[in-house]
file protein10.cif (mmCIF, C-alpha atoms and all ligand atoms)
data_data
loop_
_atom_site.label_atom_id
_atom_site.label_comp_id
_atom_site.auth_asym_id
_atom_site.auth_seq_id
_atom_site.Cartn_x
_atom_site.Cartn_y
_atom_site.Cartn_z
CA MET A 1 59.27 -38.07 56.45
CA ASN A 2 61.98 -36.74 54.18
CA ASN A 3 64.10 -38.59 51.70
CA ILE A 4 67.59 -38.19 53.15
CA LEU A 5 69.06 -38.35 49.64
CA ASP A 6 67.38 -35.00 48.92
CA PHE A 7 69.57 -33.37 51.57
CA ASN A 8 72.93 -31.79 50.96
CA LEU A 9 75.62 -31.79 53.63
CA LEU A 10 74.76 -28.35 54.96
CA GLU A 11 71.11 -29.25 55.38
CA LEU A 12 71.97 -32.44 57.20
CA LYS A 13 74.39 -30.55 59.46
CA ILE A 14 71.63 -28.11 60.34
CA TRP A 15 69.29 -31.01 61.06
CA MET A 16 71.88 -32.64 63.33
CA LYS A 17 72.34 -29.39 65.21
CA GLU A 18 68.60 -28.97 65.65
CA GLN A 19 68.49 -32.48 67.09
CA GLY A 20 71.22 -31.62 69.58
CA GLU A 21 73.71 -33.83 67.71
CA SER A 22 77.24 -32.99 66.64
CA GLU A 23 77.46 -31.54 63.16
CA PHE A 24 80.18 -33.97 62.09
CA ARG A 25 77.65 -36.80 62.26
CA ALA A 26 76.18 -35.42 59.04
CA LYS A 27 79.32 -36.20 57.06
CA GLN A 28 79.55 -39.66 58.65
CA VAL A 29 76.02 -40.47 57.55
CA MET A 30 76.62 -39.08 54.04
CA ASP A 31 79.77 -41.20 53.64
CA PHE A 32 77.79 -44.37 54.22
CA LEU A 33 74.85 -43.38 52.01
CA TYR A 34 77.17 -42.69 49.10
CA LYS A 35 78.93 -45.99 49.70
CA GLU A 36 75.80 -48.02 49.20
CA VAL A 37 74.93 -48.49 52.86
CA TRP A 38 71.21 -47.87 52.68
CA ASP A 39 70.12 -48.94 56.14
CA PHE A 40 70.50 -46.58 59.10
CA ASP A 41 71.17 -49.53 61.40
CA ALA A 42 74.14 -50.60 59.29
CA ILE A 43 75.87 -47.25 59.63
CA LYS A 44 78.89 -47.70 61.86
CA ASN A 45 80.29 -45.33 64.48
CA ILE A 46 76.98 -43.62 65.14
CA PRO A 47 75.18 -43.89 68.47
CA SER A 48 71.94 -45.81 68.34
CA SER A 49 70.07 -42.81 69.75
CA THR A 50 71.13 -40.82 66.70
CA LYS A 51 70.04 -43.67 64.43
CA GLU A 52 66.61 -43.65 66.07
CA LYS A 53 66.25 -39.94 65.42
CA LEU A 54 67.31 -40.42 61.81
CA LYS A 55 64.77 -43.20 61.36
CA LYS A 56 61.98 -41.02 62.73
CA SER A 57 62.71 -38.16 60.33
CA PHE A 58 64.05 -39.82 57.21
CA PHE A 59 63.71 -42.66 54.79
CA ILE A 60 66.49 -43.63 52.39
CA GLY A 61 64.86 -43.26 48.98
CA ILE A 62 66.53 -46.10 47.12
CA PRO A 63 64.16 -47.29 44.40
CA GLU A 64 63.61 -50.86 43.32
CA ILE A 65 65.22 -52.17 40.13
CA VAL A 66 62.31 -53.92 38.43
CA GLU A 67 64.19 -55.11 35.39
CA VAL A 68 67.68 -55.03 33.95
CA LEU A 69 68.10 -55.35 30.22
CA CYS A 70 71.58 -56.05 28.90
CA SER A 71 72.47 -55.27 25.34
CA LYS A 72 74.04 -58.07 23.34
CA GLU A 73 75.60 -55.56 20.95
CA ASP A 74 77.59 -53.63 23.53
CA GLU A 75 77.69 -53.52 27.30
CA THR A 76 74.82 -51.08 27.64
CA LYS A 77 72.44 -51.86 30.48
CA LYS A 78 69.02 -50.43 30.87
CA LEU A 79 67.42 -50.34 34.29
CA LEU A 80 63.68 -50.06 34.79
CA ILE A 81 63.36 -48.40 38.17
CA LYS A 82 60.32 -48.15 40.42
CA PHE A 83 59.85 -45.54 43.12
CA ALA A 84 57.83 -46.11 46.29
CA ASP A 85 54.76 -44.44 44.75
CA GLY A 86 54.80 -46.98 41.91
CA ASN A 87 56.12 -44.64 39.25
CA LEU A 88 58.54 -46.14 36.77
CA ILE A 89 61.52 -44.50 35.12
CA GLU A 90 64.50 -45.61 33.07
CA THR A 91 68.21 -45.27 33.68
CA VAL A 92 70.83 -46.34 31.17
CA ILE A 93 74.41 -47.38 31.91
CA MET A 94 76.87 -47.17 29.04
CA LYS A 95 80.41 -48.46 29.06
CA TYR A 96 83.04 -46.43 27.29
CA LYS A 97 86.79 -46.82 27.15
CA HIS A 98 87.20 -44.16 29.81
CA GLY A 99 84.63 -45.63 32.19
CA TYR A 100 80.95 -45.84 32.85
CA SER A 101 78.44 -43.19 31.95
CA VAL A 102 74.96 -43.09 33.45
CA CYS A 103 72.03 -41.50 31.69
CA VAL A 104 69.44 -40.36 34.24
CA SER A 105 65.79 -39.41 33.94
CA THR A 106 64.71 -36.12 35.48
CA GLN A 107 60.92 -36.49 35.32
CA VAL A 108 58.37 -39.29 35.18
CA GLY A 109 57.20 -38.80 31.60
CA CYS A 110 57.67 -35.43 29.94
CA ARG A 111 55.44 -32.58 28.85
CA MET A 112 57.53 -31.24 25.98
CA GLY A 113 55.70 -33.30 23.37
CA CYS A 114 58.55 -33.94 20.90
CA LYS A 115 56.95 -35.95 18.12
CA PHE A 116 59.71 -38.56 17.80
CA CYS A 117 60.15 -39.25 21.52
CA ALA A 118 58.53 -42.08 23.49
CA SER A 119 58.93 -40.37 26.89
CA THR A 120 56.35 -37.76 26.18
CA ILE A 121 53.48 -39.85 24.81
CA ASN A 122 51.41 -39.87 28.01
CA GLY A 123 52.60 -36.46 29.16
CA MET A 124 54.31 -35.72 32.41
CA VAL A 125 53.37 -37.48 35.64
CA ARG A 126 55.65 -35.64 38.05
CA ASN A 127 59.07 -34.17 38.62
CA LEU A 128 61.77 -36.27 40.23
CA SER A 129 63.41 -34.84 43.34
CA SER A 130 67.17 -34.29 43.46
CA GLY A 131 67.51 -37.41 45.62
CA GLU A 132 65.47 -39.48 43.18
CA ILE A 133 67.73 -38.44 40.31
CA LEU A 134 70.78 -39.12 42.46
CA ALA A 135 69.46 -42.55 43.51
CA GLN A 136 69.58 -43.61 39.86
CA VAL A 137 73.35 -43.13 39.84
CA LEU A 138 73.70 -44.87 43.21
CA VAL A 139 71.76 -47.98 42.12
CA ALA A 140 73.60 -47.98 38.79
CA GLN A 141 76.94 -48.04 40.63
CA LYS A 142 75.75 -50.91 42.77
CA GLU A 143 74.48 -52.77 39.71
CA ILE A 144 77.82 -52.59 37.89
CA GLY A 145 79.95 -52.84 41.02
CA SER A 146 81.96 -49.85 39.94
CA ARG A 147 82.09 -46.09 40.20
CA VAL A 148 80.54 -44.04 37.46
CA SER A 149 82.74 -41.44 35.78
CA ASN A 150 80.19 -39.51 33.71
CA VAL A 151 76.60 -38.45 34.21
CA VAL A 152 74.32 -37.35 31.38
CA LEU A 153 70.90 -35.83 31.93
CA MET A 154 69.40 -37.26 28.77
CA GLY A 155 66.87 -39.77 30.03
CA SER A 156 63.15 -39.11 30.21
CA GLY A 157 62.05 -35.63 31.11
CA GLU A 158 63.18 -32.09 30.42
CA PRO A 159 65.86 -31.13 32.96
CA LEU A 160 65.24 -27.40 32.67
CA ASP A 161 61.52 -27.97 33.31
CA ASN A 162 62.56 -29.33 36.74
CA TYR A 163 65.17 -26.66 37.28
CA ASP A 164 65.64 -26.44 41.05
CA ASN A 165 65.77 -30.19 41.65
CA VAL A 166 68.17 -30.65 38.76
CA ILE A 167 70.52 -27.92 40.01
CA LYS A 168 70.56 -29.50 43.44
CA PHE A 169 71.22 -32.90 41.87
CA LEU A 170 74.22 -31.39 40.05
CA GLU A 171 75.49 -30.12 43.39
CA LEU A 172 75.22 -33.61 44.93
CA VAL A 173 76.95 -35.22 41.94
CA ASN A 174 79.74 -32.72 42.02
CA ALA A 175 80.29 -32.37 45.78
CA GLU A 176 83.34 -33.99 47.33
CA TYR A 177 81.17 -35.57 50.02
CA GLY A 178 78.75 -36.68 47.28
CA LEU A 179 79.59 -38.54 44.09
CA ASN A 180 82.63 -36.33 43.55
CA ILE A 181 82.22 -36.29 39.77
CA GLY A 182 83.73 -33.23 38.09
CA GLN A 183 81.41 -30.83 36.32
CA ARG A 184 83.29 -31.46 33.09
CA HIS A 185 81.99 -35.01 33.26
CA ILE A 186 78.35 -33.95 33.37
CA THR A 187 76.17 -33.18 30.34
CA LEU A 188 72.73 -31.63 30.54
CA SER A 189 70.51 -31.92 27.48
CA THR A 190 67.58 -29.59 26.86
CA CYS A 191 65.02 -29.06 24.13
CA GLY A 192 65.79 -25.35 24.49
CA ILE A 193 63.88 -23.54 27.23
CA VAL A 194 65.51 -20.19 26.59
CA PRO A 195 64.94 -18.31 29.89
CA LYS A 196 66.23 -21.31 31.83
CA ILE A 197 69.37 -21.45 29.68
CA PHE A 198 70.03 -17.82 30.64
CA LYS A 199 69.38 -18.68 34.28
CA LEU A 200 71.74 -21.66 34.12
CA SER A 201 74.46 -19.48 32.55
CA GLU A 202 74.45 -17.30 35.67
CA LEU A 203 75.72 -20.24 37.72
CA LYS A 204 78.82 -20.47 35.50
CA LEU A 205 78.98 -24.23 35.85
CA GLN A 206 81.50 -26.18 33.83
CA ILE A 207 78.97 -28.78 32.71
CA THR A 208 78.39 -29.39 29.01
CA LEU A 209 75.14 -27.97 27.74
CA ALA A 210 73.58 -29.99 24.94
CA ILE A 211 70.78 -28.51 22.88
CA SER A 212 68.32 -30.78 21.08
CA LEU A 213 68.05 -28.71 17.93
CA HIS A 214 67.03 -31.34 15.36
CA SER A 215 66.22 -28.73 12.76
CA ALA A 216 67.78 -25.58 11.37
CA GLU A 217 64.52 -23.95 10.43
CA ASP A 218 61.76 -22.79 12.78
CA ASN A 219 58.77 -24.02 10.77
CA LEU A 220 60.24 -27.49 10.37
CA ARG A 221 61.27 -27.56 14.03
CA LYS A 222 57.70 -26.77 15.01
CA THR A 223 56.52 -29.94 13.29
CA MET A 224 58.94 -31.98 15.41
CA MET A 225 59.10 -30.13 18.70
CA PRO A 226 56.22 -28.07 20.14
CA ILE A 227 58.69 -26.02 22.21
CA ALA A 228 59.67 -24.39 18.88
CA ASN A 229 56.34 -22.53 18.99
CA LYS A 230 57.58 -20.77 22.08
CA TYR A 231 61.23 -20.07 21.29
CA THR A 232 62.83 -19.49 17.92
CA ILE A 233 66.17 -20.94 16.87
CA ASP A 234 67.58 -17.38 16.92
CA GLU A 235 66.58 -17.04 20.55
CA ILE A 236 68.18 -20.38 21.38
CA ILE A 237 71.40 -19.35 19.66
CA ASP A 238 71.44 -16.07 21.61
CA ALA A 239 71.02 -18.01 24.85
CA CYS A 240 73.86 -20.32 23.79
CA LYS A 241 76.14 -17.38 22.98
CA ASN A 242 75.48 -16.08 26.47
CA TYR A 243 76.21 -19.53 27.96
CA ILE A 244 79.52 -19.63 26.10
CA LYS A 245 80.38 -16.10 27.24
CA MET A 246 79.61 -16.91 30.86
CA THR A 247 81.25 -20.33 31.02
CA ASN A 248 83.77 -20.55 28.16
CA LYS A 249 82.24 -23.93 27.44
CA ARG A 250 81.58 -25.39 24.03
CA ILE A 251 77.92 -26.21 23.35
CA THR A 252 76.83 -29.53 21.91
CA PHE A 253 73.99 -29.50 19.39
CA GLU A 254 72.07 -32.70 19.00
CA TYR A 255 70.54 -33.33 15.62
CA ALA A 256 68.50 -36.50 15.11
CA LEU A 257 68.28 -37.32 11.42
CA VAL A 258 64.84 -38.30 10.21
CA LYS A 259 64.42 -39.74 6.75
CA GLY A 260 63.03 -37.20 4.28
CA VAL A 261 62.37 -34.64 7.01
CA ASN A 262 65.62 -32.96 8.07
CA ASP A 263 68.38 -35.03 6.47
CA SER A 264 69.06 -33.30 3.14
CA ILE A 265 72.23 -31.50 2.04
CA GLU A 266 70.23 -28.28 2.10
CA ASP A 267 69.30 -28.94 5.75
CA ALA A 268 72.98 -29.51 6.54
CA LYS A 269 73.91 -26.21 4.89
CA LYS A 270 71.24 -24.33 6.82
CA LEU A 271 72.51 -25.84 10.06
CA SER A 272 76.09 -24.93 9.18
CA ARG A 273 75.15 -21.31 8.50
CA ILE A 274 73.54 -21.06 11.93
CA LEU A 275 76.43 -22.63 13.81
CA ILE A 276 79.44 -21.43 11.86
CA ASP A 277 80.59 -18.75 14.32
CA LEU A 278 79.73 -20.64 17.46
CA LEU A 279 82.01 -22.53 19.83
CA CYS A 280 80.18 -25.79 19.35
CA HIS A 281 80.09 -29.42 18.42
CA VAL A 282 77.38 -31.23 16.51
CA ASN A 283 76.28 -34.69 17.49
CA LEU A 284 74.34 -36.39 14.72
CA ILE A 285 71.95 -39.03 15.98
CA PRO A 286 70.40 -41.70 13.82
CA ILE A 287 66.80 -41.50 15.05
CA ASN A 288 65.58 -44.45 17.03
CA GLU A 289 62.30 -45.49 15.48
CA ILE A 290 59.40 -45.91 17.88
CA GLN A 291 56.10 -47.61 17.19
CA GLU A 292 53.88 -44.64 17.87
CA ASN A 293 54.95 -42.42 14.99
CA THR A 294 56.08 -42.39 11.40
CA PHE A 295 59.53 -40.90 11.89
CA LYS A 296 61.94 -43.16 10.07
CA SER A 297 65.66 -43.43 10.45
CA THR A 298 67.81 -41.97 7.73
CA THR A 299 70.40 -43.99 5.79
CA LYS A 300 74.11 -44.28 6.65
CA GLU A 301 74.88 -42.54 3.38
CA HIS A 302 72.74 -39.54 4.35
CA ILE A 303 74.50 -39.31 7.70
CA VAL A 304 77.91 -39.34 6.04
CA ASN A 305 76.92 -36.72 3.48
CA PHE A 306 75.28 -34.56 6.13
CA SER A 307 78.35 -34.63 8.34
CA LYS A 308 80.63 -33.86 5.38
CA VAL A 309 78.79 -30.58 4.82
CA LEU A 310 79.22 -29.58 8.45
CA LEU A 311 82.88 -30.58 8.47
CA ASP A 312 83.49 -28.57 5.28
CA PHE A 313 82.14 -25.53 7.11
CA GLY A 314 84.69 -26.26 9.84
CA ILE A 315 82.11 -27.42 12.36
CA GLU A 316 83.21 -30.23 14.59
CA THR A 317 80.82 -33.12 14.06
CA THR A 318 80.47 -36.63 15.39
CA VAL A 319 77.92 -39.34 14.81
CA ARG A 320 76.49 -40.78 17.99
CA ARG A 321 77.23 -44.40 18.48
CA GLU A 322 73.96 -46.21 18.66
CA MET A 323 74.13 -47.91 22.01
CA GLY A 324 71.83 -50.60 23.21
CA SER A 325 69.43 -50.25 20.30
CA ASP A 326 68.49 -53.91 20.80
CA ILE A 327 67.15 -53.10 24.27
CA ASN A 328 65.01 -50.05 23.54
CA ALA A 329 67.67 -47.74 24.89
CA ALA A 330 66.13 -44.57 23.44
CA CYS A 331 64.29 -42.23 25.78
CA GLY A 332 61.21 -43.69 27.37
CA GLN A 333 60.90 -46.75 25.16
CA LEU A 334 61.28 -49.37 27.88
CA ARG A 335 58.90 -47.73 30.34
CA ARG A 336 56.43 -47.29 27.53
CA SER A 337 56.50 -50.93 26.44
CA TYR A 338 56.25 -52.00 30.09
CA LEU A 339 53.17 -49.83 30.70
CA GLU A 340 51.57 -50.98 27.44
CA THR A 341 52.07 -54.64 28.27
CA LYS A 342 50.59 -54.16 31.73
CA LYS A 343 47.59 -52.36 30.23
CA ASN A 344 47.01 -55.33 27.93
CA GLY A 345 47.23 -57.71 30.86
CA GLY A 346 50.33 -59.40 29.50
CA GLU A 347 53.58 -60.39 31.11
CA GLY A 348 56.97 -59.12 30.10
CA TYR A 349 57.63 -56.67 27.33
CA GLY A 350 55.89 -55.57 24.18
CA GLY A 351 58.94 -56.46 22.18
CA ASP A 352 59.09 -53.33 20.08
CA SER A 353 62.86 -53.38 19.92
CA ASN A 354 64.50 -52.25 16.72
N1 LIG B 401 64.42 -33.29 27.27
C1 LIG B 401 65.82 -33.24 27.03
C2 LIG B 401 66.59 -34.48 27.43
C3 LIG B 401 65.98 -35.82 27.18
S1 LIG B 401 65.96 -36.44 25.56
C4 LIG B 401 66.07 -32.90 25.58
O1 LIG B 401 65.13 -32.73 24.82
O2 LIG B 401 67.22 -32.74 25.20
C5 LIG B 401 67.63 -36.78 25.15
C6 LIG B 401 67.91 -36.71 23.67
O3 LIG B 401 67.33 -37.83 22.97
C7 LIG B 401 67.33 -35.47 23.01
O4 LIG B 401 68.24 -34.94 22.09
C8 LIG B 401 66.12 -36.02 22.31
O5 LIG B 401 65.68 -35.16 21.30
C9 LIG B 401 66.63 -37.37 21.84
N2 LIG B 401 65.61 -38.34 21.46
C10 LIG B 401 64.39 -38.53 21.98
N3 LIG B 401 63.74 -39.51 21.33
C11 LIG B 401 64.57 -39.97 20.39
C12 LIG B 401 64.49 -40.99 19.40
N4 LIG B 401 63.39 -41.72 19.24
N5 LIG B 401 65.56 -41.16 18.61
C13 LIG B 401 66.69 -40.42 18.76
N6 LIG B 401 66.83 -39.46 19.67
C14 LIG B 401 65.77 -39.23 20.47
#

call {"tool": "encode", "arguments": {"input": "protein10.cif", "output": "structure tokens"}}
result
Amino acid sequence: MNNILDFNLLELKIWMKEQGESEFRAKQVMDFLYKEVWDFDAIKNIPSSTKEKLKKSFFIGIPEIVEVLCSKEDETKKLLIKFADGNLIETVIMKYKHGYSVCVSTQVGCRMGCKFCASTINGMVRNLSSGEILAQVLVAQKEIGSRVSNVVLMGSGEPLDNYDNVIKFLELVNAEYGLNIGQRHITLSTCGIVPKIFKLSELKLQITLAISLHSAEDNLRKTMMPIANKYTIDEIIDACKNYIKMTNKRITFEYALVKGVNDSIEDAKKLSRILIDLLCHVNLIPINEIQENTFKSTTKEHIVNFSKVLLDFGIETTVRREMGSDINAACGQLRRSYLETKKNGGEGYGGDSN
């Protein structure tokens, strides 16, 4: 049995043809799936014989929402989502002035090992398929009763470590028959897997590429992110220059400020020297403290001073709004507290919110 959400229109057309059905049935089925009709029997205008064939070959991989946490500070919602095999992931819905943005997970867990991140603590369990990533947006839309206008691949997992499924997901998000969300409204965040950045550049997509840099110096970066042992900052910057050349798109650099680690004026100057000639934008993130490590959030004053240095160098800089910090909205925190509580035989959550 296949998850029908993993199929694109062409694949479903081919399937219809192979079944002796008219190709146009594929689009009819897709229209219903993307409009929250997740039961083959409820699809209108399709002969019951076709429905029977669909039911024999496909399931509709809509996961269960186990828990919804709503932030009291803003309208951020965090969904704890369970797939049929029991694996849990997190999806976050954020409300902005221009509409809703959904932050999807691309893997169950993560194998990148970033020291400050909760998603990676128990390693990676498995990749999510394109349909499983897509289903997060579909259930989010149903949850809020509204269309989503932006998609960010910044939940648990490393998107470029699940390259093929992620590229297909982008196709489904972007397609007119799919979610019909413009590429300019999609952001993919990576810890910097250099060969995959080059590969992505070849596609010349208009999505925003965000790089989790977090340090301007290789040795310091290695203490935060194991991927830095594989690729240097220079190599990342080269890959970014190529991405800019191929796509004309501005790169976003994410920099999470950790108290006493990477938040000094000197660090800001180093970062500025690296980025000065680049078509880019820096997003400073106050680190979300998690229980399992000693990384502490920097002060507001440090953030202001840090951003002043960058701005003086002419580098566009913003400070990320902390959204939903009262509901463990940082990567992997909710799943982690859920798994921990279950392990300890308790009910509900560990309550490690900030
Ligand atoms: N693997 C991808 C995308 C997922 S993480 C990546 O590394 O970019 C999304 C962003 O959240 C990354 O910039 C990541 O470094 C950051 N992040 C993870 N844990 C965090 C925490 N505790 N506080 C602040 N940012 C965090």

call {"tool": "residues_near_ligand", "arguments": {"input": "protein10.cif", "ligand": "ligand LIG 401 (chain B)", "cutoff": "8 Å", "atoms": "all atoms listed in the file", "output": "PyMOL selection string"}}
result
chain A and resi 105+110+112+114+116-119+153-159+188-192+210-214+254-256+285-290+330-332

call {"tool": "closest_residue", "arguments": {"input": "protein10.cif", "among": "A:Glu235, A:Glu18, A:Asp31, A:Glu340", "to": "Glu176 (chain A)", "atoms": "all atoms listed in the file"}}
result
A:Asp31

call {"tool": "closest_residue", "arguments": {"input": "protein10.cif", "among": "A:Met1, A:Ile244, A:Ile62, A:Ile43", "to": "Ser201 (chain A)", "atoms": "all atoms listed in the file"}}
result
A:Ile244

call {"tool": "closest_residue", "arguments": {"input": "protein10.cif", "among": "A:Gln291, A:Asn174, A:Ser101, A:Asn283", "to": "Ile303 (chain A)", "atoms": "only C-alpha atoms"}}
result
A:Asn283

call {"tool": "closest_residue", "arguments": {"input": "protein10.cif", "among": "A:Glu64, A:Asp161, A:Glu143, A:Asp312", "to": "Val92 (chain A)", "atoms": "only C-alpha atoms"}}
result
A:Glu143

call {"tool": "closest_residue", "arguments": {"input": "protein10.cif", "among": "A:Gly86, A:Lys51, A:Ala175, A:Asp234", "to": "Leu10 (chain A)", "atoms": "only C-alpha atoms"}}
result
A:Ala175

call {"tool": "residues_near_point", "arguments": {"input": "protein10.cif", "point": "(80.7, -29.3, 38.1)", "cutoff": "6 Å", "atoms": "all atoms listed in the file", "output": "PDB file with C-alpha atoms, keeping the file's coordinate frame"}}
result
ATOM      1  CA  ASN A 174      79.740 -32.720  42.020  1.00  0.00           C
ATOM      2  CA  GLY A 182      83.730 -33.230  38.090  1.00  0.00           C
ATOM      3  CA  GLN A 183      81.410 -30.830  36.320  1.00  0.00           C
ATOM      4  CA  LEU A 205      78.980 -24.230  35.850  1.00  0.00           C
ATOM      5  CA  GLN A 206      81.500 -26.180  33.830  1.00  0.00           C
ATOM      6  CA  ILE A 207      78.970 -28.780  32.710  1.00  0.00           C
TER       7      ILE A 207
END

call {"tool": "closest_residue", "arguments": {"input": "protein10.cif", "among": "A:Ile197, A:Val108, A:Ile274, A:Leu257", "to": "Thr91 (chain A)", "atoms": "all atoms listed in the file"}}
result
A:Val108

call {"tool": "atom_distance", "arguments": {"input": "protein10.cif", "atom1": "CA of Val148 (chain A)", "atom2": "CA of Glu75 (chain A)"}}
result
14.2 Å

call {"tool": "residues_around", "arguments": {"input": "protein10.cif", "residues": "Cys70 (chain A)", "least_positions_apart": "5", "cutoff": "9 Å", "atoms": "all atoms listed in the file", "output": "number ranges by chain"}}
result
A: 75-79, 324, 326-327

call {"tool": "residues_around", "arguments": {"input": "protein10.cif", "residues": "Glu301 (chain A)", "least_positions_apart": "3", "cutoff": "12 Å", "atoms": "only C-alpha atoms", "output": "PyMOL selection string"}}
result
chain A and resi 257+259+263-265+286+297-298+304-308

call {"tool": "atom_distance", "arguments": {"input": "protein10.cif", "atom1": "CA of Ile233 (chain A)", "atom2": "CA of Glu90 (chain A)"}}
result
29.6 Å

call {"tool": "residues_around", "arguments": {"input": "protein10.cif", "residues": "Asn3 (chain A)", "least_positions_apart": "4", "cutoff": "10 Å", "atoms": "only C-alpha atoms", "output": "mmCIF file with C-alpha atoms, in the frame of the given file"}}
result
data_model
loop_
_atom_site.group_PDB
_atom_site.id
_atom_site.type_symbol
_atom_site.label_atom_id
_atom_site.label_comp_id
_atom_site.auth_asym_id
_atom_site.auth_seq_id
_atom_site.Cartn_x
_atom_site.Cartn_y
_atom_site.Cartn_z
ATOM 1 C CA PHE A 7 69.570 -33.370 51.570
ATOM 2 C CA SER A 57 62.710 -38.160 60.330
ATOM 3 C CA PHE A 58 64.050 -39.820 57.210
ATOM 4 C CA PHE A 59 63.710 -42.660 54.790
ATOM 5 C CA ILE A 60 66.490 -43.630 52.390
ATOM 6 C CA GLY A 61 64.860 -43.260 48.980
ATOM 7 C CA ILE A 62 66.530 -46.100 47.120
ATOM 8 C CA SER A 129 63.410 -34.840 43.340
ATOM 9 C CA SER A 130 67.170 -34.290 43.460
ATOM 10 C CA GLY A 131 67.510 -37.410 45.620
ATOM 11 C CA GLU A 132 65.470 -39.480 43.180
#

call {"tool": "axis_aligned_box", "arguments": {"input": "protein10.cif", "around": "region 268-280 of chain A", "padding_each_side": "8 Å", "output": "JSON"}}
result
{"center_x": 76.6, "center_y": -24.1, "center_z": 12.4, "size_x": 26.8, "size_y": 26.8, "size_z": 30.9}

call {"tool": "atom_distance", "arguments": {"input": "protein10.cif", "atom1": "CA of Ala135 (chain A)", "atom2": "CA of Val152 (chain A)"}}
result
14.1 Å

call {"tool": "residues_around", "arguments": {"input": "protein10.cif", "residues": "Thr252 (chain A)", "least_positions_apart": "2", "cutoff": "6 Å", "atoms": "only C-alpha atoms", "output": "list in words"}}
result
Ala210, Cys280, His281 and Val282 of chain A

call {"tool": "residues_near_point", "arguments": {"input": "protein10.cif", "point": "(73.6, -27.9, 57.1)", "cutoff": "12 Å", "atoms": "all atoms listed in the file", "output": "number ranges by chain"}}
result
A: 7-18, 22-27, 30

call {"tool": "decode", "arguments": {"input": "protein10.cif", "residues": "region 110-114 of chain A", "atoms": "all heavy atoms", "output": "CSV table (one decimal), in the first residue's frame"}}
result
chain,number,residue,atom,x,y,z
A,110,CYS,N,17.0,13.6,14.6
A,110,CYS,CA,18.0,14.2,13.7
A,110,CYS,C,19.3,13.6,14.0
A,110,CYS,O,19.6,13.3,15.2
A,110,CYS,CB,18.0,15.7,13.9
A,110,CYS,SG,19.1,16.6,12.8
A,111,ARG,N,20.2,13.5,13.0
A,111,ARG,CA,21.5,12.9,13.3
A,111,ARG,C,22.6,13.9,13.2
A,111,ARG,O,23.8,13.6,13.2
A,111,ARG,CB,21.8,11.7,12.4
A,111,ARG,CG,21.8,12.0,11.0
A,111,ARG,CD,22.0,10.7,10.2
A,111,ARG,NE,22.1,11.0,8.8
A,111,ARG,CZ,23.1,10.5,8.0
A,111,ARG,NH1,23.9,9.6,8.4
A,111,ARG,NH2,23.1,10.8,6.7
A,112,MET,N,22.3,15.2,13.2
A,112,MET,CA,23.3,16.2,13.0
A,112,MET,C,24.1,16.5,14.4
A,112,MET,O,25.2,17.0,14.4
A,112,MET,CB,22.7,17.5,12.4
A,112,MET,CG,22.3,17.3,11.0
A,112,MET,SD,23.6,16.8,9.9
A,112,MET,CE,23.0,15.3,9.2
A,113,GLY,N,23.4,16.3,15.5
A,113,GLY,CA,24.1,16.4,16.8
A,113,GLY,C,24.4,17.8,17.3
A,113,GLY,O,25.3,17.9,18.2
A,114,CYS,N,23.7,18.8,16.8
A,114,CYS,CA,24.0,20.2,17.3
A,114,CYS,C,23.8,20.2,18.8
A,114,CYS,O,22.8,19.7,19.3
A,114,CYS,CB,23.1,21.2,16.6
A,114,CYS,SG,23.3,21.3,14.9
